[in-house]
$ cat entry11.txt   # compact mmCIF, C-alpha atoms
# COMPACT_ATOMS: atom_id res chain seq x y z
CA MET N 29 -14.00 16.66 35.87
CA GLY N 30 -14.61 14.39 38.84
CA ALA N 31 -12.12 12.22 40.58
CA ALA N 32 -9.64 10.79 38.20
CA VAL N 33 -10.42 7.20 37.51
CA THR N 34 -7.31 5.21 37.04
CA VAL N 35 -8.62 1.75 37.47
CA GLN N 36 -6.32 -0.84 36.08
CA SER N 37 -8.53 -3.05 33.93
CA ARG N 38 -6.01 -5.83 33.74
CA PRO N 39 -3.75 -7.55 36.21
CA PRO N 40 -0.42 -5.79 36.56
CA ALA N 41 2.02 -6.92 33.95
CA SER N 42 4.85 -9.11 35.08
CA ALA N 43 8.44 -8.79 33.99
CA GLU N 44 7.79 -11.87 31.93
CA ASP N 45 4.93 -10.19 30.04
CA ARG N 46 7.16 -7.27 29.37
CA GLU N 47 9.86 -9.43 27.96
CA ARG N 48 7.42 -11.32 25.77
CA PHE N 49 6.03 -8.04 24.51
CA GLU N 50 9.46 -6.64 23.76
CA VAL N 51 10.45 -9.65 21.71
CA LEU N 52 7.15 -9.85 19.86
CA VAL N 53 6.81 -6.18 19.06
CA GLY N 54 10.48 -5.29 18.84
CA GLU N 55 11.02 -6.98 15.53
CA HIS N 56 8.16 -5.05 13.91
CA LEU N 57 9.14 -1.59 15.10
CA ASP N 58 11.13 -0.68 12.00
CA GLY N 59 8.31 -1.74 9.73
CA LEU N 60 5.75 0.17 11.77
CA PHE N 61 7.96 3.23 11.72
CA GLY N 62 8.23 3.07 7.95
CA ALA N 63 4.46 2.85 7.66
CA ALA N 64 4.04 5.72 10.13
CA LEU N 65 6.40 7.85 8.07
CA ARG N 66 4.51 7.10 4.92
CA MET N 67 1.18 8.00 6.51
CA THR N 68 2.19 11.16 8.37
CA ARG N 69 4.88 12.27 5.91
CA ASN N 70 6.63 13.88 8.82
CA ARG N 71 9.33 12.51 11.04
CA THR N 72 8.19 13.98 14.36
CA ARG N 73 4.62 12.96 13.81
CA ALA N 74 5.76 9.51 12.76
CA GLU N 75 7.69 9.14 16.01
CA ASP N 76 4.66 10.23 17.99
CA LEU N 77 2.46 7.83 16.10
CA LEU N 78 4.88 5.00 16.70
CA GLN N 79 4.92 5.75 20.41
CA GLU N 80 1.14 5.90 20.57
CA THR N 81 0.91 2.60 18.71
CA PHE N 82 3.45 1.02 21.01
CA LEU N 83 1.59 2.13 24.13
CA ARG N 84 -1.78 1.05 22.84
CA ALA N 85 -0.36 -2.32 21.93
CA TRP N 86 1.06 -2.68 25.41
CA ARG N 87 -2.21 -1.72 27.03
CA SER N 88 -4.12 -4.29 25.03
CA PHE N 89 -1.41 -6.91 25.02
CA HIS N 90 -3.46 -9.07 27.42
CA THR N 91 -6.06 -9.43 24.65
CA PHE N 92 -3.55 -10.60 22.08
CA LYS N 93 -3.81 -14.31 21.40
CA PRO N 94 -0.41 -15.94 21.16
CA GLY N 95 0.11 -17.66 17.85
CA THR N 96 -2.11 -15.25 15.92
CA ASN N 97 -0.87 -12.67 13.45
CA VAL N 98 1.19 -10.15 15.45
CA ARG N 99 2.02 -8.00 12.49
CA ALA N 100 -1.59 -7.56 11.40
CA TRP N 101 -2.57 -6.89 15.02
CA LEU N 102 0.05 -4.14 15.27
CA TYR N 103 -0.87 -2.53 11.95
CA ARG N 104 -4.47 -2.49 13.00
CA ILE N 105 -3.51 -0.59 16.15
CA LEU N 106 -1.34 1.72 14.08
CA MET N 107 -4.14 2.50 11.64
CA ASN N 108 -6.59 3.17 14.46
CA ALA N 109 -4.14 5.41 16.28
CA TYR N 110 -3.55 7.28 13.08
CA ILE N 111 -7.24 7.71 12.41
CA ASP N 112 -7.98 8.81 15.98
CA GLY N 113 -5.12 11.16 16.49
CA TYR N 114 -3.67 12.40 13.29
CA ARG N 115 -6.44 12.73 10.84
CA LYS N 116 -8.71 14.60 13.22
CA SER N 117 -11.14 16.84 11.43
CA GLU N 118 -9.63 16.83 8.00
CA ARG N 119 -12.42 14.79 6.51
CA GLU N 120 -11.74 13.74 3.02
CA PRO N 121 -14.47 14.35 0.51
CA GLU N 122 -16.16 11.32 -0.93
CA VAL N 123 -13.80 9.61 -3.26
CA VAL N 124 -14.68 10.08 -6.88
CA ASP N 125 -12.84 8.72 -9.86
CA GLN N 126 -12.35 11.69 -12.13
CA GLU N 127 -11.86 9.46 -15.07
CA ASP N 128 -12.19 5.80 -14.71
CA VAL N 129 -9.58 4.00 -16.66
CA ASP N 130 -8.93 0.35 -17.18
CA GLU N 131 -6.45 -1.84 -15.37
CA PHE N 132 -3.91 -1.54 -18.16
CA TYR N 133 -3.90 2.22 -18.52
CA LEU N 134 -0.15 2.67 -18.31
CA TYR N 135 0.58 -0.26 -20.58
CA SER N 136 -1.76 1.15 -23.22
CA LYS N 137 -0.32 4.65 -22.95
CA VAL N 138 3.21 3.43 -23.34
CA HIS N 139 2.31 1.42 -26.38
CA GLU N 140 0.39 4.27 -27.97
CA SER N 141 3.23 6.71 -27.47
CA GLU N 142 5.42 7.39 -30.49
CA ASP N 143 8.32 8.35 -28.25
CA PHE N 144 8.26 5.14 -26.31
CA ARG N 145 7.71 3.00 -29.36
CA ARG N 146 10.76 4.57 -30.92
CA ALA N 147 12.74 3.49 -27.88
CA GLY N 148 12.49 -0.11 -29.04
CA ASN N 149 11.32 -1.55 -25.75
CA PRO N 150 8.67 0.95 -24.67
CA GLU N 151 7.79 -0.76 -21.39
CA GLU N 152 11.37 -0.92 -20.24
CA ALA N 153 11.90 2.69 -21.33
CA LEU N 154 9.13 3.88 -19.06
CA LEU N 155 9.71 1.68 -16.06
CA SER N 156 13.42 2.36 -15.95
CA ARG N 157 12.90 6.11 -16.15
CA LEU N 158 10.41 6.51 -13.35
CA MET N 159 12.14 7.93 -10.33
CA ASP N 160 11.58 7.17 -6.66
CA ALA N 161 10.01 10.59 -6.30
CA ASP N 162 7.57 9.91 -9.15
CA VAL N 163 6.29 6.73 -7.61
CA LYS N 164 6.16 8.13 -4.08
CA GLY N 165 4.47 11.26 -5.34
CA ALA N 166 1.90 9.21 -7.22
CA LEU N 167 1.19 7.15 -4.13
CA ASP N 168 0.88 10.24 -1.95
CA SER N 169 -1.56 11.80 -4.37
CA LEU N 170 -4.10 9.02 -3.92
CA PRO N 171 -7.14 9.68 -1.75
CA GLU N 172 -6.36 8.34 1.68
CA ALA N 173 -8.83 5.47 1.57
CA PHE N 174 -7.13 4.14 -1.55
CA ARG N 175 -3.63 4.96 -0.44
CA ASN N 176 -3.89 3.01 2.81
CA VAL N 177 -5.04 -0.10 1.01
CA VAL N 178 -2.36 0.19 -1.67
CA VAL N 179 0.32 0.69 0.98
CA LEU N 180 -0.82 -2.32 3.00
CA ALA N 181 -1.00 -4.55 -0.08
CA ASP N 182 1.82 -3.41 -2.31
CA ILE N 183 4.39 -2.21 0.17
CA GLU N 184 3.62 -4.09 3.35
CA GLY N 185 2.58 -7.25 1.54
CA PHE N 186 -0.59 -8.02 3.48
CA SER N 187 -3.27 -10.29 2.02
CA TYR N 188 -6.75 -9.01 1.22
CA LYS N 189 -8.08 -10.75 4.30
CA GLU N 190 -5.46 -9.22 6.57
CA ILE N 191 -6.14 -5.77 5.17
CA ALA N 192 -9.85 -6.25 5.75
CA GLU N 193 -9.07 -6.99 9.40
CA ILE N 194 -6.58 -4.18 9.79
CA LEU N 195 -8.95 -1.56 8.41
CA SER N 196 -12.18 -3.19 9.63
CA ILE N 197 -13.73 -3.17 6.18
CA PRO N 198 -15.16 -6.01 4.06
CA ILE N 199 -12.85 -7.86 1.67
CA GLY N 200 -14.91 -6.66 -1.28
CA THR N 201 -14.14 -3.09 -0.27
CA VAL N 202 -10.45 -3.91 0.05
CA MET N 203 -10.46 -5.23 -3.49
CA SER N 204 -12.34 -2.37 -5.03
CA ARG N 205 -10.17 0.24 -3.29
CA LEU N 206 -6.97 -1.56 -4.14
CA HIS N 207 -7.85 -1.98 -7.77
CA ARG N 208 -9.09 1.58 -8.15
CA GLY N 209 -6.06 2.84 -6.27
CA ARG N 210 -3.77 1.04 -8.67
CA ARG N 211 -5.64 2.44 -11.64
CA GLN N 212 -5.33 5.99 -10.33
CA LEU N 213 -1.70 5.41 -9.56
CA GLN N 214 -1.10 4.58 -13.20
CA VAL N 215 -2.81 7.79 -14.32
CA LYS N 216 -0.49 9.73 -12.02
CA LEU N 217 2.59 7.90 -13.17
CA TRP N 218 1.76 8.67 -16.76
CA ASP N 219 1.29 12.29 -15.78
CA TYR N 220 4.74 12.39 -14.23
CA ALA N 221 6.25 10.68 -17.21
CA ARG N 222 4.80 13.34 -19.48
CA ARG N 223 5.65 16.27 -17.25
CA ALA N 224 9.20 15.15 -16.75
CA HIS N 225 9.48 14.84 -20.52
CA TYR N 226 10.16 11.17 -20.41
CA VAL N 227 7.70 11.60 -23.25
CA ARG N 228 6.87 14.67 -25.28
CA SER N 229 3.89 16.37 -23.80
CA ASP N 230 1.77 16.66 -26.95
CA SER N 231 -0.25 13.86 -28.47
CA GLN N 232 -1.20 11.25 -25.88
CA SER N 233 -2.44 13.40 -23.03
CA PRO N 234 -5.86 12.38 -21.70
CA ASN N 235 -6.71 16.06 -21.32
CA ALA N 236 -4.95 17.25 -24.42
CA ALA N 237 -6.27 20.80 -24.17
CA GLY N 238 -4.07 21.59 -21.18
CA GLY N 239 -0.94 20.08 -22.61
CA SER N 240 0.09 22.65 -25.19
CA ARG N 241 0.14 25.91 -23.29
CA MET C 24 -13.08 -26.98 -17.12
CA SER C 25 -14.16 -23.82 -18.92
CA GLU C 26 -11.94 -22.12 -21.43
CA LEU C 27 -11.29 -18.55 -20.43
CA ASP C 28 -11.31 -15.81 -23.01
CA CYS C 29 -8.91 -12.89 -22.95
CA GLU C 30 -11.37 -10.51 -21.37
CA GLN C 31 -11.99 -12.84 -18.45
CA VAL C 32 -8.27 -13.35 -18.00
CA LEU C 33 -7.44 -9.65 -18.06
CA GLU C 34 -10.13 -8.90 -15.50
CA GLN C 35 -8.35 -11.05 -13.00
CA VAL C 36 -4.88 -9.64 -13.33
CA TRP C 37 -4.69 -8.23 -9.81
CA THR C 38 -6.18 -11.16 -7.97
CA TYR C 39 -3.80 -13.39 -9.91
CA LEU C 40 -0.72 -11.32 -9.14
CA ASP C 41 -1.78 -10.93 -5.53
CA GLY C 42 -2.16 -14.68 -5.20
CA GLU C 43 -5.77 -14.24 -4.15
CA MET C 44 -7.38 -17.09 -6.06
CA THR C 45 -7.76 -20.82 -5.87
CA GLU C 46 -5.11 -23.06 -7.35
CA VAL C 47 -7.48 -24.22 -10.08
CA GLU C 48 -8.18 -20.65 -11.16
CA TYR C 49 -4.51 -19.83 -10.95
CA LEU C 50 -3.49 -22.71 -13.19
CA GLU C 51 -6.20 -21.92 -15.69
CA ILE C 52 -5.02 -18.36 -16.01
CA ARG C 53 -1.39 -19.27 -16.08
CA ALA C 54 -2.05 -21.65 -18.95
CA HIS C 55 -3.82 -18.94 -20.91
CA VAL C 56 -1.20 -16.29 -20.19
CA SER C 57 1.68 -18.49 -21.28
CA GLU C 58 -0.04 -19.21 -24.59
CA CYS C 59 -1.51 -15.81 -25.36
CA GLU C 60 0.99 -13.15 -26.31
CA GLY C 61 -1.38 -10.23 -25.75
CA CYS C 62 -2.38 -11.24 -22.24
CA GLY C 63 1.14 -12.40 -21.45
CA GLY C 64 2.62 -8.98 -22.23
CA LYS C 65 0.03 -7.18 -20.16
CA TYR C 66 0.39 -9.49 -17.20
CA GLU C 67 4.15 -9.13 -17.26
CA PHE C 68 3.92 -5.35 -17.35
CA GLN C 69 1.54 -5.24 -14.38
CA ARG C 70 3.79 -7.56 -12.47
CA ARG C 71 6.77 -5.31 -13.06
CA LEU C 72 4.70 -2.30 -12.09
CA LEU C 73 3.94 -3.83 -8.70
CA VAL C 74 7.59 -4.68 -8.21
CA LEU C 75 8.48 -1.08 -9.05
CA ILE C 76 6.00 0.35 -6.55
CA GLU C 77 7.34 -1.87 -3.82
CA ALA C 78 10.97 -1.06 -4.63
CA LYS C 79 10.49 2.69 -4.88
CA CYS C 80 8.24 3.20 -1.89
CA HIS C 81 9.58 0.83 0.68
CA GLU C 82 11.04 2.89 3.48
CA GLY C 83 14.06 0.98 4.64
CA VAL C 84 14.12 2.88 7.89
CA HIS C 85 15.26 1.96 11.32
CA VAL C 86 13.77 3.31 14.49
CA PRO C 87 16.43 5.56 16.02
CA HIS C 88 18.15 3.89 18.93
CA ALA C 89 17.19 6.64 21.38
CA LEU C 90 13.53 6.34 20.46
CA LYS C 91 13.59 2.61 20.85
CA GLN C 92 15.12 2.96 24.28
CA ARG C 93 12.52 5.52 25.25
CA LEU C 94 9.71 3.21 24.15
CA PHE C 95 10.96 0.27 26.11
CA ARG C 96 11.49 2.43 29.14
CA LEU C 97 7.81 3.41 28.98
CA LEU C 98 6.91 -0.18 29.76
CA GLU C 99 8.57 0.01 33.11
CA GLU C 100 6.35 2.81 34.34
$ encode --input "entry11.txt" --output "structure tokens"
Amino acid sequence: MGAAVTVQSRPPASAEDRERFEVLVGEHLDGLFGAALRMTRNRTRAEDLLQETFLRAWRSFHTFKPGTNVRAWLYRILMNAYIDGYRKSEREPEVVDQEDVDEFYLYSKVHESEDFRRAGNPEEALLSRLMDADVKGALDSLPEAFRNVVVLADIEGFSYKEIAEILSIPIGTVMSRLHRGRRQLQVKLWDYARRAHYVRSDSQSPNAAGGSR
Amino acid sequence: MSELDCEQVLEQVWTYLDGEMTEVEYLEIRAHVSECEGCGGKYEFQRRLLVLIEAKCHEGVHVPHALKQRLFRLLEE
């Protein structure tokens, strides 16, 4: 490599800039760390990702327009840092719905199930029995493209428009991924409910052949 | 104003729950859902499902103090 080029592309930051940055970004660090943990599923990698995000944000802080959405700006940097550094070559295969189900998959399953119907209030019986690990596991099992959108919408509470900006994808794509992600999540949750014997494993399985071995 | 049928209402469950529609659309759907037992039950279940996902998956974590200090120190370099 030739001479190292370390040209500063922005005027040196003043102590005032630094203070402004600390206040603005400081209050989002916990949230960003939670998101980093969810994406990397590993504490050390989450800390690295947080640091990378923090540094990138600092380097591009001069481009941030005061009064605009700091949180969305930071999540966008986080997602990009994640994509650049942590996903590397593990390319996910094209996302295919194995079985497309409708929006009310879980609701229908619960109401079709003898076991849950016997419980009196079948919906309550299911929802109250699902464990943290079931829901987290179901979320983790989603293809990444769906998972990211579900996380940003359902856990981080971003709007469709914000998610579109964070992930640099059209709003229509946000909607289709979010809705498909939620459908697949329901399939998984029903799977967990059956496997954990919240329901008996016979009858209502979508792939009944595998259920009885 | 057009009368929505159940199919049209059910199709919009996510955009409704996500608050991603106009007020007119929202009111139209809300009126249907409060009258129609079938749609009402389904909407309520989906709403609770989203609440459950949020509650179970939200990582209430704090950045460790040492890490936070390290990050802020990086700014001084």
$ atom_distance --input "entry11.txt" --atom1 "CA of Ile194 (chain N)" --atom2 "CA of Gly54 (chain N)"
19.3 Å
$ interface_residues --input "entry11.txt" --of "chain N" --to "chain C" --cutoff "7 Å" --atoms "only C-alpha atoms" --output "JSON, numbers by chain"
{"N": [57, 58, 61, 62, 79, 135, 160, 163, 164, 182, 183]}
$ closest_residue --input "entry11.txt" --among "N:Leu60, N:Leu52, N:Ala221, N:Leu78" --to "Ser156 (chain N)" --atoms "all atoms listed in the file"
N:Ala221
$ atom_distance --input "entry11.txt" --atom1 "CA of Tyr49 (chain C)" --atom2 "CA of Tyr188 (chain N)"
16.4 Å
$ axis_aligned_box --input "entry11.txt" --around "region 133-149 of chain N" --padding-each-side "8 Å" --output "AutoDock Vina command-line options"
--center_x 4.4 --center_y 3.4 --center_z -24.6 --size_x 32.6 --size_y 25.9 --size_z 28.6
$ closest_residue --input "entry11.txt" --among "N:Ala192, N:Leu158, N:Leu217, N:Leu77" --to "Leu65 (chain N)" --atoms "only C-alpha atoms"
N:Leu77
$ build_atoms --input "entry11.txt" --residues "region 30-50 of chain C" --atoms "N, CA and C atoms" --output "PDB file, keeping the file's coordinate frame"
ATOM      1  N   GLU C  30     -10.747 -11.503 -22.233  1.00  0.00           N
ATOM      2  CA  GLU C  30     -11.370 -10.510 -21.370  1.00  0.00           C
ATOM      3  C   GLU C  30     -11.468 -11.017 -19.932  1.00  0.00           C
ATOM      4  N   GLN C  31     -11.877 -12.257 -19.798  1.00  0.00           N
ATOM      5  CA  GLN C  31     -11.990 -12.840 -18.450  1.00  0.00           C
ATOM      6  C   GLN C  31     -10.625 -12.938 -17.768  1.00  0.00           C
ATOM      7  N   VAL C  32      -9.619 -13.234 -18.557  1.00  0.00           N
ATOM      8  CA  VAL C  32      -8.270 -13.350 -18.000  1.00  0.00           C
ATOM      9  C   VAL C  32      -7.762 -11.981 -17.542  1.00  0.00           C
ATOM     10  N   LEU C  33      -7.964 -10.976 -18.380  1.00  0.00           N
ATOM     11  CA  LEU C  33      -7.440  -9.650 -18.060  1.00  0.00           C
ATOM     12  C   LEU C  33      -8.131  -9.055 -16.840  1.00  0.00           C
ATOM     13  N   GLU C  34      -9.393  -9.382 -16.673  1.00  0.00           N
ATOM     14  CA  GLU C  34     -10.130  -8.900 -15.500  1.00  0.00           C
ATOM     15  C   GLU C  34      -9.512  -9.354 -14.184  1.00  0.00           C
ATOM     16  N   GLN C  35      -8.824 -10.462 -14.252  1.00  0.00           N
ATOM     17  CA  GLN C  35      -8.350 -11.050 -13.000  1.00  0.00           C
ATOM     18  C   GLN C  35      -6.875 -10.793 -12.724  1.00  0.00           C
ATOM     19  N   VAL C  36      -6.327  -9.838 -13.443  1.00  0.00           N
ATOM     20  CA  VAL C  36      -4.880  -9.640 -13.330  1.00  0.00           C
ATOM     21  C   VAL C  36      -4.423  -9.386 -11.893  1.00  0.00           C
ATOM     22  N   TRP C  37      -5.178  -8.570 -11.153  1.00  0.00           N
ATOM     23  CA  TRP C  37      -4.690  -8.230  -9.810  1.00  0.00           C
ATOM     24  C   TRP C  37      -4.853  -9.403  -8.846  1.00  0.00           C
ATOM     25  N   THR C  38      -5.998 -10.043  -8.901  1.00  0.00           N
ATOM     26  CA  THR C  38      -6.180 -11.160  -7.970  1.00  0.00           C
ATOM     27  C   THR C  38      -5.169 -12.273  -8.265  1.00  0.00           C
ATOM     28  N   TYR C  39      -4.821 -12.404  -9.541  1.00  0.00           N
ATOM     29  CA  TYR C  39      -3.800 -13.390  -9.910  1.00  0.00           C
ATOM     30  C   TYR C  39      -2.438 -12.989  -9.328  1.00  0.00           C
ATOM     31  N   LEU C  40      -2.038 -11.764  -9.597  1.00  0.00           N
ATOM     32  CA  LEU C  40      -0.720 -11.320  -9.140  1.00  0.00           C
ATOM     33  C   LEU C  40      -0.637 -11.241  -7.620  1.00  0.00           C
ATOM     34  N   ASP C  41      -1.768 -10.995  -6.993  1.00  0.00           N
ATOM     35  CA  ASP C  41      -1.780 -10.930  -5.530  1.00  0.00           C
ATOM     36  C   ASP C  41      -1.893 -12.322  -4.904  1.00  0.00           C
ATOM     37  N   GLY C  42      -2.031 -13.326  -5.735  1.00  0.00           N
ATOM     38  CA  GLY C  42      -2.160 -14.680  -5.200  1.00  0.00           C
ATOM     39  C   GLY C  42      -3.456 -14.884  -4.451  1.00  0.00           C
ATOM     40  N   GLU C  43      -4.499 -14.180  -4.885  1.00  0.00           N
ATOM     41  CA  GLU C  43      -5.770 -14.240  -4.150  1.00  0.00           C
ATOM     42  C   GLU C  43      -6.797 -15.044  -4.949  1.00  0.00           C
ATOM     43  N   MET C  44      -6.416 -16.236  -5.374  1.00  0.00           N
ATOM     44  CA  MET C  44      -7.380 -17.090  -6.060  1.00  0.00           C
ATOM     45  C   MET C  44      -7.070 -18.549  -5.760  1.00  0.00           C
ATOM     46  N   THR C  45      -7.987 -19.405  -6.132  1.00  0.00           N
ATOM     47  CA  THR C  45      -7.760 -20.820  -5.870  1.00  0.00           C
ATOM     48  C   THR C  45      -6.700 -21.356  -6.838  1.00  0.00           C
ATOM     49  N   GLU C  46      -6.165 -22.504  -6.512  1.00  0.00           N
ATOM     50  CA  GLU C  46      -5.110 -23.060  -7.350  1.00  0.00           C
ATOM     51  C   GLU C  46      -5.650 -23.395  -8.747  1.00  0.00           C
ATOM     52  N   VAL C  47      -6.886 -23.865  -8.784  1.00  0.00           N
ATOM     53  CA  VAL C  47      -7.480 -24.220 -10.080  1.00  0.00           C
ATOM     54  C   VAL C  47      -7.579 -22.982 -10.978  1.00  0.00           C
ATOM     55  N   GLU C  48      -8.075 -21.899 -10.393  1.00  0.00           N
ATOM     56  CA  GLU C  48      -8.180 -20.650 -11.160  1.00  0.00           C
ATOM     57  C   GLU C  48      -6.801 -20.176 -11.607  1.00  0.00           C
ATOM     58  N   TYR C  49      -5.867 -20.276 -10.680  1.00  0.00           N
ATOM     59  CA  TYR C  49      -4.510 -19.830 -10.950  1.00  0.00           C
ATOM     60  C   TYR C  49      -3.908 -20.585 -12.131  1.00  0.00           C
ATOM     61  N   LEU C  50      -4.068 -21.892 -12.119  1.00  0.00           N
ATOM     62  CA  LEU C  50      -3.490 -22.710 -13.190  1.00  0.00           C
ATOM     63  C   LEU C  50      -4.150 -22.439 -14.521  1.00  0.00           C
TER      64      LEU C  50
END
